[in-house]
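Colleague: Handing you a structure now.
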There are 2 protein chains.
Amino acid sequence: MTDLPTSMRQIRSLVTADGRLELSIATTDMPVPAAHEVLVRVDAAPINPSDLGLLLGMADVAQATSTGSGDSTVVTAPISPNVLKGLTARVGESMPVGNEGAGLVVAAGDSPEAQALLGKMVGFVGGATYGEYRAAAAFMCMELPAGATAAQGASCFVNPLTALSMVENMRMDGHTALVHTAAASNLGQMLNRICIADGVPLVNIVRRPEQAGILRAQGAEHIVDSSSPTFLDDLTQALITTGATIAFDAIGGGKLAGQILSCMEAAANAKATEYSRYGSDVYKQVFIYGGLDRGPTELTRSFGMSWGLGGWLLTPFLGKLGLEGMLRLRQRVADELTTTFASHYTDEVSLAGALGLDALQTYAKQATGQKFLIRPQA
Amino acid sequence: MTDLPTSMRQIRSLVTADGRLELSIATTDMPVPAAHEVLVRVDAAPINPSDLGLLLGMADVAQATSTGSGDSTVVTAPISPNVLKGLTARVGESMPVGNEGAGLVVAAGDSPEAQALLGKMVGFVGGATYGEYRAAAAFMCMELPAGATAAQGASCFVNPLTALSMVENMRMDGHTALVHTAAASNLGQMLNRICIADGVPLVNIVRRPEQAGILRAQGAEHIVDSSSPTFLDDLTQALITTGATIAFDAIGGGKLAGQILSCMEAAANAKATEYSRYGSDVYKQVFIYGGLDRGPTELTRSFGMSWGLGGWLLTPFLGKLGLEGMLRLRQRVADELTTTFASHYTDEVSLAGALGLDALQTYAKQATGQKFLIRPQA
């Protein structure tokens, strides 16, 4: 392969003891792949909502300030004392960031599985992808289909496996239809394509009429707009039609999770033939997997006693699914990378560009339709 | 046996289409036990929190009015339109009430298990216990120990099996210590005795200093008062000490359930050796099994992604536990009926007495320390 440099640049996130977030670009030694690892030249890495917790440390980015320029940029933003309490374990540690990315394998460890990837374009997962190079376990790499670009492969793990896992989780727990919120997101559109392909009824909850339009144009059948005055009735009707009793909620705060449970209960009672004193015995589950609204979750408990609300993360779910299940999902992603699992980016930025205040304050909002791709080689 | 009457009196709860609760005493035909059933002369039946939903239909009992007297008493109370929507399935149906009770078996069906109970004092479960007689499945009866009174046996199912099931659920889900709220209740005191006997660390959350005193006098080790300014720190410390990661909450509304999850997360992080970006991976569970506060549940999600909140009911849990498990729990209740599983009543009322406005407005409050026993034969 080409001669490799001896050092590289990498985005770092630091939380200080006095409650500041500091983002910077560090120069570090070039990683040397172990026997089971490959060295990936990172050509593209997405900024996913799941990256923002580590990157931004829940700092108040509206108050962020910046010094220096280019690779010397340092961004500082205050962290509230309450939030800081939960970050004690990372105080003072300059942390690399980025869950996934894609690029060319430019070196490989001695193991046959690592050697097999040498010179290949791969998508991979495993942290520290917001940097020029990354040593990654060969097992955590997916060889991209012939002709696929780094941009096409950059998001081949987190969103695709999350969307597929929602459907797997639905089946594993005995449900037959799904509810999804913030449904016009990249992930939501992906989930919509999966559910259409698999014949799984999906209730898409969006927050604005134009988001409903995006999904309708992509063949979504059940779309409910939470900004509509008839939202609760519309949602109940969609739940009666689909029989959905499990929801994945990206929003988290506010009344939505509780409203979904209440409408599920109303849908169950609409089919009930006799009064059940503790509410319907139909089990209703909402999983919160994101935090678009970081405010409190408010539940008006009008949904009986047979319900659950919980946090949901991809990695523990894949653990439940087991190795064979995970490989099955990965194979599907590889097979349908540029169709079902296509991602769309509105902005491309360099490492330094990702630390620009405008960029940062934009991706921190996690607005539907806006998605950033980092180009570490730029 | 004695000559039996041909009719009997029974408390009835009716929800009308125009949103009124009507409580009355109906005269009905004497039940005739089927082959597998016994006829119990109900001598005592408790008013448990789990009876109140069916009895009171979530009506506004502060506005209750009453006509007639004695067995002709009719109590009326308004039901808000929002609540009424959830009660559609029971509108117009005059329903008998009461989950459990105790008394003498005065007749029995032909089956050997029913015949074996003839002339015995039993506690039983199965509904319609707020009446003079009840036909009950022999399987749902527990023969009381020699010398035990109906009052001692009246609460031998709901509270004892609930308290025991909390400990079983804890073990089943891999937790090793428990949190309980409204911990000075009859149920809470029972749970405290079970946990002391079984060596299970129990964090008792009470709402007032005098409730802490009750539990302390009964040997409770970890008592936290939610009215104290140091509540959150005290709770976190108790969770660090005990390692409790599952809670049973009788209150439901307000911030308490979320505070328990947050303090569990703080306790987990206090033991963590490195920063985990999505919060601690220690799974934290709160089950809401009561509704002392019927207001909204408010969660400030500062407890990572590894958590669950859900409704909890005895019957489905016993289903999970299976027949053998349930029989094991019942045997323990029979063996320790007047010790571990002793209940205390502050008020005894006749059927008509239970419809007195003062009585009704008192037991509707579910105040800790106040517990009513109905004497249908009085």
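All residue names refer to the structure tokens as shown: chains lettered A, B, ... in order, residues numbered from 1 in each chain, ligands numbered from 1 in order.
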Provide as a PDB file with N, CA, C and O atoms, in the first residue's frame the residues of chain B at most 9 Å from chain A, counting only C-alpha atoms.
Modeller:
```pdb
ATOM      1  N   SER B  50     -56.809  -2.023  45.536  1.00  0.00           N
ATOM      2  CA  SER B  50     -57.129  -2.635  44.245  1.00  0.00           C
ATOM      3  C   SER B  50     -58.626  -2.859  44.050  1.00  0.00           C
ATOM      4  O   SER B  50     -59.069  -3.230  42.971  1.00  0.00           O
ATOM      5  N   GLY B  53     -60.894   0.918  42.199  1.00  0.00           N
ATOM      6  CA  GLY B  53     -61.170   1.249  40.801  1.00  0.00           C
ATOM      7  C   GLY B  53     -62.554   0.775  40.387  1.00  0.00           C
ATOM      8  O   GLY B  53     -63.353   1.535  39.837  1.00  0.00           O
ATOM      9  N   LEU B  54     -62.836  -0.489  40.688  1.00  0.00           N
ATOM     10  CA  LEU B  54     -64.140  -1.033  40.321  1.00  0.00           C
ATOM     11  C   LEU B  54     -65.248  -0.417  41.171  1.00  0.00           C
ATOM     12  O   LEU B  54     -66.305  -0.047  40.665  1.00  0.00           O
ATOM     13  N   VAL B  83     -62.691  10.587  32.192  1.00  0.00           N
ATOM     14  CA  VAL B  83     -62.628   9.288  32.863  1.00  0.00           C
ATOM     15  C   VAL B  83     -63.710   8.369  32.292  1.00  0.00           C
ATOM     16  O   VAL B  83     -63.477   7.178  32.046  1.00  0.00           O
ATOM     17  N   LYS B  85     -64.919   8.108  29.397  1.00  0.00           N
ATOM     18  CA  LYS B  85     -64.529   7.496  28.120  1.00  0.00           C
ATOM     19  C   LYS B  85     -63.878   6.129  28.317  1.00  0.00           C
ATOM     20  O   LYS B  85     -64.092   5.214  27.529  1.00  0.00           O
ATOM     21  N   GLY B  86     -63.074   6.013  29.375  1.00  0.00           N
ATOM     22  CA  GLY B  86     -62.381   4.755  29.635  1.00  0.00           C
ATOM     23  C   GLY B  86     -63.264   3.710  30.293  1.00  0.00           C
ATOM     24  O   GLY B  86     -62.837   2.580  30.507  1.00  0.00           O
ATOM     25  N   LEU B  87     -64.492   4.077  30.643  1.00  0.00           N
ATOM     26  CA  LEU B  87     -65.377   3.158  31.367  1.00  0.00           C
ATOM     27  C   LEU B  87     -66.532   2.653  30.507  1.00  0.00           C
ATOM     28  O   LEU B  87     -67.438   1.979  31.012  1.00  0.00           O
ATOM     29  N   THR B  88     -66.472   2.979  29.222  1.00  0.00           N
ATOM     30  CA  THR B  88     -67.563   2.638  28.304  1.00  0.00           C
ATOM     31  C   THR B  88     -68.046   1.198  28.471  1.00  0.00           C
ATOM     32  O   THR B  88     -69.259   0.939  28.483  1.00  0.00           O
ATOM     33  N   ALA B  89     -67.077   0.283  28.607  1.00  0.00           N
ATOM     34  CA  ALA B  89     -67.444  -1.133  28.620  1.00  0.00           C
ATOM     35  C   ALA B  89     -68.258  -1.536  29.850  1.00  0.00           C
ATOM     36  O   ALA B  89     -68.860  -2.604  29.882  1.00  0.00           O
ATOM     37  N   ARG B  90     -68.303  -0.696  30.907  1.00  0.00           N
ATOM     38  CA  ARG B  90     -69.080  -1.077  32.088  1.00  0.00           C
ATOM     39  C   ARG B  90     -70.330  -0.224  32.267  1.00  0.00           C
ATOM     40  O   ARG B  90     -71.061  -0.410  33.261  1.00  0.00           O
ATOM     41  N   VAL B  91     -70.547   0.720  31.371  1.00  0.00           N
ATOM     42  CA  VAL B  91     -71.709   1.603  31.518  1.00  0.00           C
ATOM     43  C   VAL B  91     -73.007   0.786  31.512  1.00  0.00           C
ATOM     44  O   VAL B  91     -73.218  -0.074  30.658  1.00  0.00           O
ATOM     45  N   GLY B 252     -47.258   6.304  41.887  1.00  0.00           N
ATOM     46  CA  GLY B 252     -47.539   6.462  40.460  1.00  0.00           C
ATOM     47  C   GLY B 252     -47.330   7.852  39.920  1.00  0.00           C
ATOM     48  O   GLY B 252     -46.535   8.061  39.027  1.00  0.00           O
ATOM     49  N   GLY B 253     -48.062   8.827  40.444  1.00  0.00           N
ATOM     50  CA  GLY B 253     -47.970  10.179  39.914  1.00  0.00           C
ATOM     51  C   GLY B 253     -46.810  10.954  40.497  1.00  0.00           C
ATOM     52  O   GLY B 253     -46.179  10.535  41.463  1.00  0.00           O
ATOM     53  N   GLU B 265     -29.354   5.345  38.981  1.00  0.00           N
ATOM     54  CA  GLU B 265     -28.287   5.639  38.025  1.00  0.00           C
ATOM     55  C   GLU B 265     -27.088   6.267  38.744  1.00  0.00           C
ATOM     56  O   GLU B 265     -25.941   5.891  38.485  1.00  0.00           O
ATOM     57  N   ALA B 266     -27.374   7.195  39.663  1.00  0.00           N
ATOM     58  CA  ALA B 266     -26.286   7.816  40.421  1.00  0.00           C
ATOM     59  C   ALA B 266     -25.547   6.766  41.242  1.00  0.00           C
ATOM     60  O   ALA B 266     -24.316   6.784  41.333  1.00  0.00           O
ATOM     61  N   ASN B 269     -23.384   4.780  38.876  1.00  0.00           N
ATOM     62  CA  ASN B 269     -22.223   5.549  38.429  1.00  0.00           C
ATOM     63  C   ASN B 269     -21.205   5.736  39.545  1.00  0.00           C
ATOM     64  O   ASN B 269     -20.014   5.865  39.281  1.00  0.00           O
ATOM     65  N   ALA B 272     -18.989   3.012  39.130  1.00  0.00           N
ATOM     66  CA  ALA B 272     -18.414   2.789  37.798  1.00  0.00           C
ATOM     67  C   ALA B 272     -16.941   3.158  37.782  1.00  0.00           C
ATOM     68  O   ALA B 272     -16.504   4.070  38.470  1.00  0.00           O
ATOM     69  N   THR B 273     -16.170   2.446  36.962  1.00  0.00           N
ATOM     70  CA  THR B 273     -14.746   2.748  36.866  1.00  0.00           C
ATOM     71  C   THR B 273     -14.434   3.540  35.606  1.00  0.00           C
ATOM     72  O   THR B 273     -13.393   4.147  35.495  1.00  0.00           O
ATOM     73  N   GLU B 274     -15.333   3.529  34.608  1.00  0.00           N
ATOM     74  CA  GLU B 274     -15.096   4.366  33.439  1.00  0.00           C
ATOM     75  C   GLU B 274     -16.392   4.953  32.893  1.00  0.00           C
ATOM     76  O   GLU B 274     -17.482   4.455  33.162  1.00  0.00           O
ATOM     77  N   TYR B 275     -16.253   6.028  32.115  1.00  0.00           N
ATOM     78  CA  TYR B 275     -17.405   6.744  31.566  1.00  0.00           C
ATOM     79  C   TYR B 275     -18.120   5.899  30.523  1.00  0.00           C
ATOM     80  O   TYR B 275     -17.508   5.319  29.635  1.00  0.00           O
ATOM     81  N   SER B 276     -19.443   5.832  30.640  1.00  0.00           N
ATOM     82  CA  SER B 276     -20.241   5.129  29.650  1.00  0.00           C
ATOM     83  C   SER B 276     -21.113   6.153  28.958  1.00  0.00           C
ATOM     84  O   SER B 276     -21.899   6.849  29.587  1.00  0.00           O
ATOM     85  N   ARG B 277     -20.977   6.265  27.637  1.00  0.00           N
ATOM     86  CA  ARG B 277     -21.561   7.422  26.941  1.00  0.00           C
ATOM     87  C   ARG B 277     -23.071   7.459  26.966  1.00  0.00           C
ATOM     88  O   ARG B 277     -23.676   8.512  26.846  1.00  0.00           O
ATOM     89  N   TYR B 278     -23.726   6.322  27.048  1.00  0.00           N
ATOM     90  CA  TYR B 278     -25.189   6.338  27.075  1.00  0.00           C
ATOM     91  C   TYR B 278     -25.719   6.115  28.480  1.00  0.00           C
ATOM     92  O   TYR B 278     -26.829   5.625  28.670  1.00  0.00           O
ATOM     93  N   GLY B 279     -24.927   6.462  29.466  1.00  0.00           N
ATOM     94  CA  GLY B 279     -25.319   6.214  30.842  1.00  0.00           C
ATOM     95  C   GLY B 279     -24.877   4.822  31.264  1.00  0.00           C
ATOM     96  O   GLY B 279     -24.388   4.032  30.454  1.00  0.00           O
ATOM     97  N   ASP B 281     -24.732   0.958  32.207  1.00  0.00           N
ATOM     98  CA  ASP B 281     -25.421  -0.173  31.577  1.00  0.00           C
ATOM     99  C   ASP B 281     -26.126  -1.064  32.613  1.00  0.00           C
ATOM    100  O   ASP B 281     -26.592  -2.157  32.294  1.00  0.00           O
ATOM    101  N   GLN B 285     -35.261  -0.743  36.977  1.00  0.00           N
ATOM    102  CA  GLN B 285     -36.685  -0.972  36.709  1.00  0.00           C
ATOM    103  C   GLN B 285     -37.546  -0.410  37.828  1.00  0.00           C
ATOM    104  O   GLN B 285     -37.265  -0.659  39.007  1.00  0.00           O
ATOM    105  N   PHE B 287     -41.647  -0.524  38.794  1.00  0.00           N
ATOM    106  CA  PHE B 287     -43.003  -0.973  38.483  1.00  0.00           C
ATOM    107  C   PHE B 287     -43.997  -0.149  39.292  1.00  0.00           C
ATOM    108  O   PHE B 287     -43.870  -0.044  40.511  1.00  0.00           O
ATOM    109  N   ILE B 288     -44.969   0.434  38.597  1.00  0.00           N
ATOM    110  CA  ILE B 288     -46.045   1.157  39.272  1.00  0.00           C
ATOM    111  C   ILE B 288     -47.192   0.174  39.493  1.00  0.00           C
ATOM    112  O   ILE B 288     -47.745  -0.353  38.528  1.00  0.00           O
ATOM    113  N   TYR B 289     -47.516  -0.102  40.755  1.00  0.00           N
ATOM    114  CA  TYR B 289     -48.579  -1.085  41.029  1.00  0.00           C
ATOM    115  C   TYR B 289     -49.791  -0.449  41.696  1.00  0.00           C
ATOM    116  O   TYR B 289     -50.785  -1.119  41.950  1.00  0.00           O
ATOM    117  N   ARG B 294     -52.964  10.136  41.459  1.00  0.00           N
ATOM    118  CA  ARG B 294     -53.481   9.844  40.126  1.00  0.00           C
ATOM    119  C   ARG B 294     -53.028  10.886  39.095  1.00  0.00           C
ATOM    120  O   ARG B 294     -53.377  10.822  37.920  1.00  0.00           O
ATOM    121  N   GLY B 295     -52.234  11.863  39.513  1.00  0.00           N
ATOM    122  CA  GLY B 295     -51.718  12.877  38.596  1.00  0.00           C
ATOM    123  C   GLY B 295     -50.674  12.299  37.650  1.00  0.00           C
ATOM    124  O   GLY B 295     -50.312  11.128  37.750  1.00  0.00           O
ATOM    125  N   PRO B 296     -50.204  13.126  36.709  1.00  0.00           N
ATOM    126  CA  PRO B 296     -49.228  12.647  35.729  1.00  0.00           C
ATOM    127  C   PRO B 296     -47.915  12.200  36.384  1.00  0.00           C
ATOM    128  O   PRO B 296     -47.524  12.718  37.426  1.00  0.00           O
ATOM    129  N   THR B 297     -47.275  11.235  35.760  1.00  0.00           N
ATOM    130  CA  THR B 297     -45.945  10.783  36.152  1.00  0.00           C
ATOM    131  C   THR B 297     -44.942  11.619  35.370  1.00  0.00           C
ATOM    132  O   THR B 297     -45.029  11.705  34.152  1.00  0.00           O
ATOM    133  N   GLU B 298     -43.999  12.242  36.072  1.00  0.00           N
ATOM    134  CA  GLU B 298     -43.040  13.102  35.379  1.00  0.00           C
ATOM    135  C   GLU B 298     -41.634  12.545  35.522  1.00  0.00           C
ATOM    136  O   GLU B 298     -41.124  12.384  36.625  1.00  0.00           O
ATOM    137  N   LEU B 299     -41.035  12.234  34.373  1.00  0.00           N
ATOM    138  CA  LEU B 299     -39.694  11.648  34.359  1.00  0.00           C
ATOM    139  C   LEU B 299     -38.687  12.639  33.802  1.00  0.00           C
ATOM    140  O   LEU B 299     -38.798  13.047  32.647  1.00  0.00           O
ATOM    141  N   THR B 300     -37.711  13.036  34.609  1.00  0.00           N
ATOM    142  CA  THR B 300     -36.578  13.787  34.082  1.00  0.00           C
ATOM    143  C   THR B 300     -35.528  12.741  33.732  1.00  0.00           C
ATOM    144  O   THR B 300     -34.929  12.142  34.607  1.00  0.00           O
ATOM    145  N   ARG B 301     -35.352  12.492  32.442  1.00  0.00           N
ATOM    146  CA  ARG B 301     -34.598  11.315  31.992  1.00  0.00           C
ATOM    147  C   ARG B 301     -33.094  11.514  32.145  1.00  0.00           C
ATOM    148  O   ARG B 301     -32.363  11.656  31.168  1.00  0.00           O
ATOM    149  N   SER B 302     -32.649  11.473  33.385  1.00  0.00           N
ATOM    150  CA  SER B 302     -31.225  11.639  33.669  1.00  0.00           C
ATOM    151  C   SER B 302     -30.669  10.311  34.151  1.00  0.00           C
ATOM    152  O   SER B 302     -29.873  10.246  35.061  1.00  0.00           O
ATOM    153  N   PHE B 303     -31.164   9.224  33.521  1.00  0.00           N
ATOM    154  CA  PHE B 303     -30.759   7.900  34.017  1.00  0.00           C
ATOM    155  C   PHE B 303     -30.331   6.964  32.894  1.00  0.00           C
ATOM    156  O   PHE B 303     -30.497   5.752  32.990  1.00  0.00           O
ATOM    157  N   GLY B 304     -29.733   7.592  31.850  1.00  0.00           N
ATOM    158  CA  GLY B 304     -29.182   6.768  30.775  1.00  0.00           C
ATOM    159  C   GLY B 304     -30.262   6.102  29.954  1.00  0.00           C
ATOM    160  O   GLY B 304     -31.405   6.585  29.875  1.00  0.00           O
ATOM    161  N   MET B 305     -29.919   4.997  29.293  1.00  0.00           N
ATOM    162  CA  MET B 305     -30.839   4.338  28.370  1.00  0.00           C
ATOM    163  C   MET B 305     -31.241   2.954  28.860  1.00  0.00           C
ATOM    164  O   MET B 305     -32.031   2.265  28.226  1.00  0.00           O
ATOM    165  N   SER B 306     -30.666   2.526  29.981  1.00  0.00           N
ATOM    166  CA  SER B 306     -30.916   1.165  30.445  1.00  0.00           C
ATOM    167  C   SER B 306     -31.901   1.197  31.610  1.00  0.00           C
ATOM    168  O   SER B 306     -31.511   1.115  32.773  1.00  0.00           O
ATOM    169  N   TRP B 307     -33.173   1.352  31.264  1.00  0.00           N
ATOM    170  CA  TRP B 307     -34.184   1.510  32.311  1.00  0.00           C
ATOM    171  C   TRP B 307     -35.540   1.085  31.765  1.00  0.00           C
ATOM    172  O   TRP B 307     -35.771   1.069  30.558  1.00  0.00           O
ATOM    173  N   GLY B 308     -36.428   0.788  32.691  1.00  0.00           N
ATOM    174  CA  GLY B 308     -37.791   0.470  32.330  1.00  0.00           C
ATOM    175  C   GLY B 308     -38.739   0.956  33.412  1.00  0.00           C
ATOM    176  O   GLY B 308     -38.402   0.977  34.599  1.00  0.00           O
ATOM    177  N   LEU B 309     -39.905   1.378  32.958  1.00  0.00           N
ATOM    178  CA  LEU B 309     -40.981   1.770  33.867  1.00  0.00           C
ATOM    179  C   LEU B 309     -42.206   1.045  33.346  1.00  0.00           C
ATOM    180  O   LEU B 309     -42.394   0.954  32.126  1.00  0.00           O
ATOM    181  N   GLY B 310     -43.017   0.499  34.229  1.00  0.00           N
ATOM    182  CA  GLY B 310     -44.169  -0.210  33.700  1.00  0.00           C
ATOM    183  C   GLY B 310     -45.240  -0.404  34.744  1.00  0.00           C
ATOM    184  O   GLY B 310     -45.020  -0.169  35.936  1.00  0.00           O
ATOM    185  N   GLY B 311     -46.419  -0.807  34.291  1.00  0.00           N
ATOM    186  CA  GLY B 311     -47.474  -1.164  35.208  1.00  0.00           C
ATOM    187  C   GLY B 311     -47.221  -2.570  35.744  1.00  0.00           C
ATOM    188  O   GLY B 311     -46.549  -3.382  35.108  1.00  0.00           O
ATOM    189  N   TRP B 312     -47.761  -2.855  36.907  1.00  0.00           N
ATOM    190  CA  TRP B 312     -47.581  -4.178  37.495  1.00  0.00           C
ATOM    191  C   TRP B 312     -48.882  -4.611  38.154  1.00  0.00           C
ATOM    192  O   TRP B 312     -49.486  -3.853  38.926  1.00  0.00           O
ATOM    193  N   LEU B 313     -49.305  -5.809  37.831  1.00  0.00           N
ATOM    194  CA  LEU B 313     -50.514  -6.382  38.420  1.00  0.00           C
ATOM    195  C   LEU B 313     -50.191  -7.783  38.914  1.00  0.00           C
ATOM    196  O   LEU B 313     -49.406  -8.511  38.302  1.00  0.00           O
ATOM    197  N   PRO B 316     -51.302 -11.273  36.332  1.00  0.00           N
ATOM    198  CA  PRO B 316     -50.376 -11.689  35.266  1.00  0.00           C
ATOM    199  C   PRO B 316     -49.032 -12.166  35.814  1.00  0.00           C
ATOM    200  O   PRO B 316     -48.437 -13.096  35.260  1.00  0.00           O
TER     201      PRO B 316
END
```
Colleague: For Ser66 in chain B, find every residue with an atom within 7 Å (counting only C-alpha atoms), except residues of its own chain fewer than 5 positions away, and show them as an NGL selection string.
Modeller: :B and (73-76)
Colleague: Got time to write the residues from that selection, N, CA and C atoms, as a compact mmCIF listing (two decimals), in the first residue's frame?
Modeller:
```
# COMPACT_ATOMS: atom_id res chain seq x y z
N THR B 73 -79.70 2.65 51.10
CA THR B 73 -78.77 3.74 50.78
C THR B 73 -78.37 3.68 49.31
N VAL B 74 -78.43 4.83 48.65
CA VAL B 74 -77.86 4.94 47.30
C VAL B 74 -76.92 6.14 47.29
N VAL B 75 -75.67 5.90 46.94
CA VAL B 75 -74.67 6.96 46.86
C VAL B 75 -74.47 7.31 45.40
N THR B 76 -74.43 8.59 45.11
CA THR B 76 -74.19 9.06 43.75
C THR B 76 -73.01 10.01 43.75
```
Colleague: Which residues in range 13-92 of chain A does DSSP call strand (DSSP E)? List them as a tab-separated table (two decimals) with N, CA, C and O atoms, in the first residue's frame.
Modeller:
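Okay, this is what ended up in part.tsv:
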```tsv
chain	number	residue	atom	x	y	z
A	13	SER	N	-13.22	15.52	22.33
A	13	SER	CA	-14.20	16.17	23.19
A	13	SER	C	-13.75	16.02	24.64
A	13	SER	O	-13.47	14.92	25.10
A	14	LEU	N	-13.69	17.15	25.32
A	14	LEU	CA	-13.19	17.15	26.71
A	14	LEU	C	-14.20	17.87	27.60
A	14	LEU	O	-14.70	18.94	27.24
A	15	VAL	N	-14.51	17.29	28.75
A	15	VAL	CA	-15.32	17.96	29.76
A	15	VAL	C	-14.40	18.33	30.92
A	15	VAL	O	-13.69	17.45	31.43
A	20	ARG	N	-16.94	22.95	31.62
A	20	ARG	CA	-16.88	23.40	30.24
A	20	ARG	C	-16.69	22.21	29.31
A	20	ARG	O	-15.99	21.25	29.64
A	21	LEU	N	-17.31	22.32	28.13
A	21	LEU	CA	-17.01	21.40	27.04
A	21	LEU	C	-15.94	22.05	26.17
A	21	LEU	O	-16.05	23.24	25.86
A	22	GLU	N	-14.92	21.30	25.82
A	22	GLU	CA	-13.90	21.79	24.88
A	22	GLU	C	-13.78	20.84	23.72
A	22	GLU	O	-13.43	19.66	23.90
A	23	LEU	N	-14.03	21.34	22.50
A	23	LEU	CA	-13.84	20.54	21.29
A	23	LEU	C	-12.60	21.04	20.58
A	23	LEU	O	-12.40	22.25	20.44
A	24	SER	N	-11.78	20.09	20.13
A	24	SER	CA	-10.55	20.50	19.45
A	24	SER	C	-10.14	19.40	18.47
A	24	SER	O	-10.77	18.35	18.39
A	25	ILE	N	-9.08	19.68	17.74
A	25	ILE	CA	-8.52	18.67	16.83
A	25	ILE	C	-7.12	18.34	17.33
A	25	ILE	O	-6.25	19.22	17.40
A	26	ALA	N	-6.94	17.09	17.72
A	26	ALA	CA	-5.66	16.66	18.28
A	26	ALA	C	-4.84	15.97	17.19
A	26	ALA	O	-5.39	15.40	16.25
A	27	THR	N	-3.53	16.05	17.34
A	27	THR	CA	-2.65	15.25	16.48
A	27	THR	C	-2.15	14.08	17.32
A	27	THR	O	-1.65	14.27	18.43
A	28	THR	N	-2.36	12.89	16.83
A	28	THR	CA	-2.00	11.70	17.60
A	28	THR	C	-1.15	10.77	16.74
A	28	THR	O	-1.08	10.93	15.52
A	29	ASP	N	-0.56	9.79	17.40
A	29	ASP	CA	0.21	8.78	16.67
A	29	ASP	C	-0.72	7.99	15.76
A	29	ASP	O	-1.89	7.76	16.07
A	37	GLU	N	-7.15	-6.71	13.36
A	37	GLU	CA	-7.65	-5.40	12.97
A	37	GLU	C	-7.18	-4.97	11.58
A	37	GLU	O	-6.19	-5.48	11.05
A	38	VAL	N	-7.90	-4.01	11.03
A	38	VAL	CA	-7.45	-3.34	9.81
A	38	VAL	C	-7.29	-1.85	10.12
A	38	VAL	O	-7.88	-1.34	11.07
A	39	LEU	N	-6.48	-1.17	9.30
A	39	LEU	CA	-6.36	0.28	9.43
A	39	LEU	C	-7.18	0.91	8.30
A	39	LEU	O	-6.91	0.67	7.12
A	40	VAL	N	-8.19	1.68	8.69
A	40	VAL	CA	-9.07	2.30	7.71
A	40	VAL	C	-8.69	3.78	7.55
A	40	VAL	O	-8.55	4.49	8.56
A	41	ARG	N	-8.50	4.20	6.31
A	41	ARG	CA	-8.39	5.64	6.04
A	41	ARG	C	-9.84	6.15	5.98
A	41	ARG	O	-10.59	5.79	5.08
A	42	VAL	N	-10.21	6.94	6.97
A	42	VAL	CA	-11.63	7.33	7.07
A	42	VAL	C	-11.93	8.42	6.04
A	42	VAL	O	-11.40	9.53	6.12
A	43	ASP	N	-12.75	8.07	5.08
A	43	ASP	CA	-13.11	9.03	4.02
A	43	ASP	C	-14.43	9.72	4.30
A	43	ASP	O	-14.70	10.79	3.74
A	44	ALA	N	-15.26	9.14	5.14
A	44	ALA	CA	-16.57	9.73	5.43
A	44	ALA	C	-17.09	9.16	6.75
A	44	ALA	O	-16.94	7.96	7.02
A	45	ALA	N	-17.67	10.04	7.57
A	45	ALA	CA	-18.26	9.60	8.85
A	45	ALA	C	-19.46	10.48	9.15
A	45	ALA	O	-19.34	11.71	9.09
A	46	PRO	N	-20.61	9.88	9.42
A	46	PRO	CA	-21.82	10.69	9.64
A	46	PRO	C	-21.88	11.23	11.07
A	46	PRO	O	-21.31	10.64	11.98
A	65	THR	N	-18.54	29.31	22.20
A	65	THR	CA	-17.63	30.29	21.61
A	65	THR	C	-16.46	29.54	21.01
A	65	THR	O	-16.22	28.37	21.32
A	66	SER	N	-15.71	30.22	20.16
A	66	SER	CA	-14.67	29.55	19.40
A	66	SER	C	-13.42	30.42	19.37
A	66	SER	O	-13.50	31.64	19.29
A	67	THR	N	-12.23	29.78	19.46
A	67	THR	CA	-10.97	30.50	19.26
A	67	THR	C	-10.18	29.75	18.21
A	67	THR	O	-10.42	28.56	17.96
A	74	VAL	N	-10.67	25.80	18.66
A	74	VAL	CA	-11.12	25.23	19.94
A	74	VAL	C	-12.48	25.83	20.25
A	74	VAL	O	-12.62	27.05	20.32
A	75	VAL	N	-13.48	24.96	20.42
A	75	VAL	CA	-14.83	25.41	20.76
A	75	VAL	C	-15.06	25.16	22.24
A	75	VAL	O	-14.70	24.10	22.76
A	76	THR	N	-15.64	26.14	22.90
A	76	THR	CA	-15.94	26.00	24.33
A	76	THR	C	-17.42	26.29	24.54
A	76	THR	O	-17.96	27.21	23.93
A	77	ALA	N	-18.06	25.49	25.40
A	77	ALA	CA	-19.48	25.72	25.71
A	77	ALA	C	-19.72	25.30	27.15
A	77	ALA	O	-19.11	24.34	27.64
A	78	PRO	N	-20.59	26.02	27.86
A	78	PRO	CA	-20.83	25.71	29.28
A	78	PRO	C	-21.73	24.48	29.47
A	78	PRO	O	-22.62	24.21	28.66
```
Colleague: Tell me, which residues of range 268-329 of chain A carry DSSP helix (DSSP H, G or I), written as a VMD selection string?
Modeller: chain A and resid 268 to 271 314 to 329
Colleague: Show me, as a PyMOL selection string, the residues that have an atom within 12 Å of Ile196 in chain A when counting only C-alpha atoms, minus same-chain residues fewer than 2 positions from it.
Modeller: chain A and resi 167+177-178+189-194+198-203+215+218-222+340
Colleague: Rank B:Ala197, B:Ala34, B:Ala352, B:Ile251 by their smallest atom-to-atom distance to Leu164 in chain B, using only C-alpha atoms, and report the top residue only.
Modeller: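 Comparing B:Ala197, B:Ala34, B:Ala352, B:Ile251 against Leu164 in chain B, the winner is B:Ala197.
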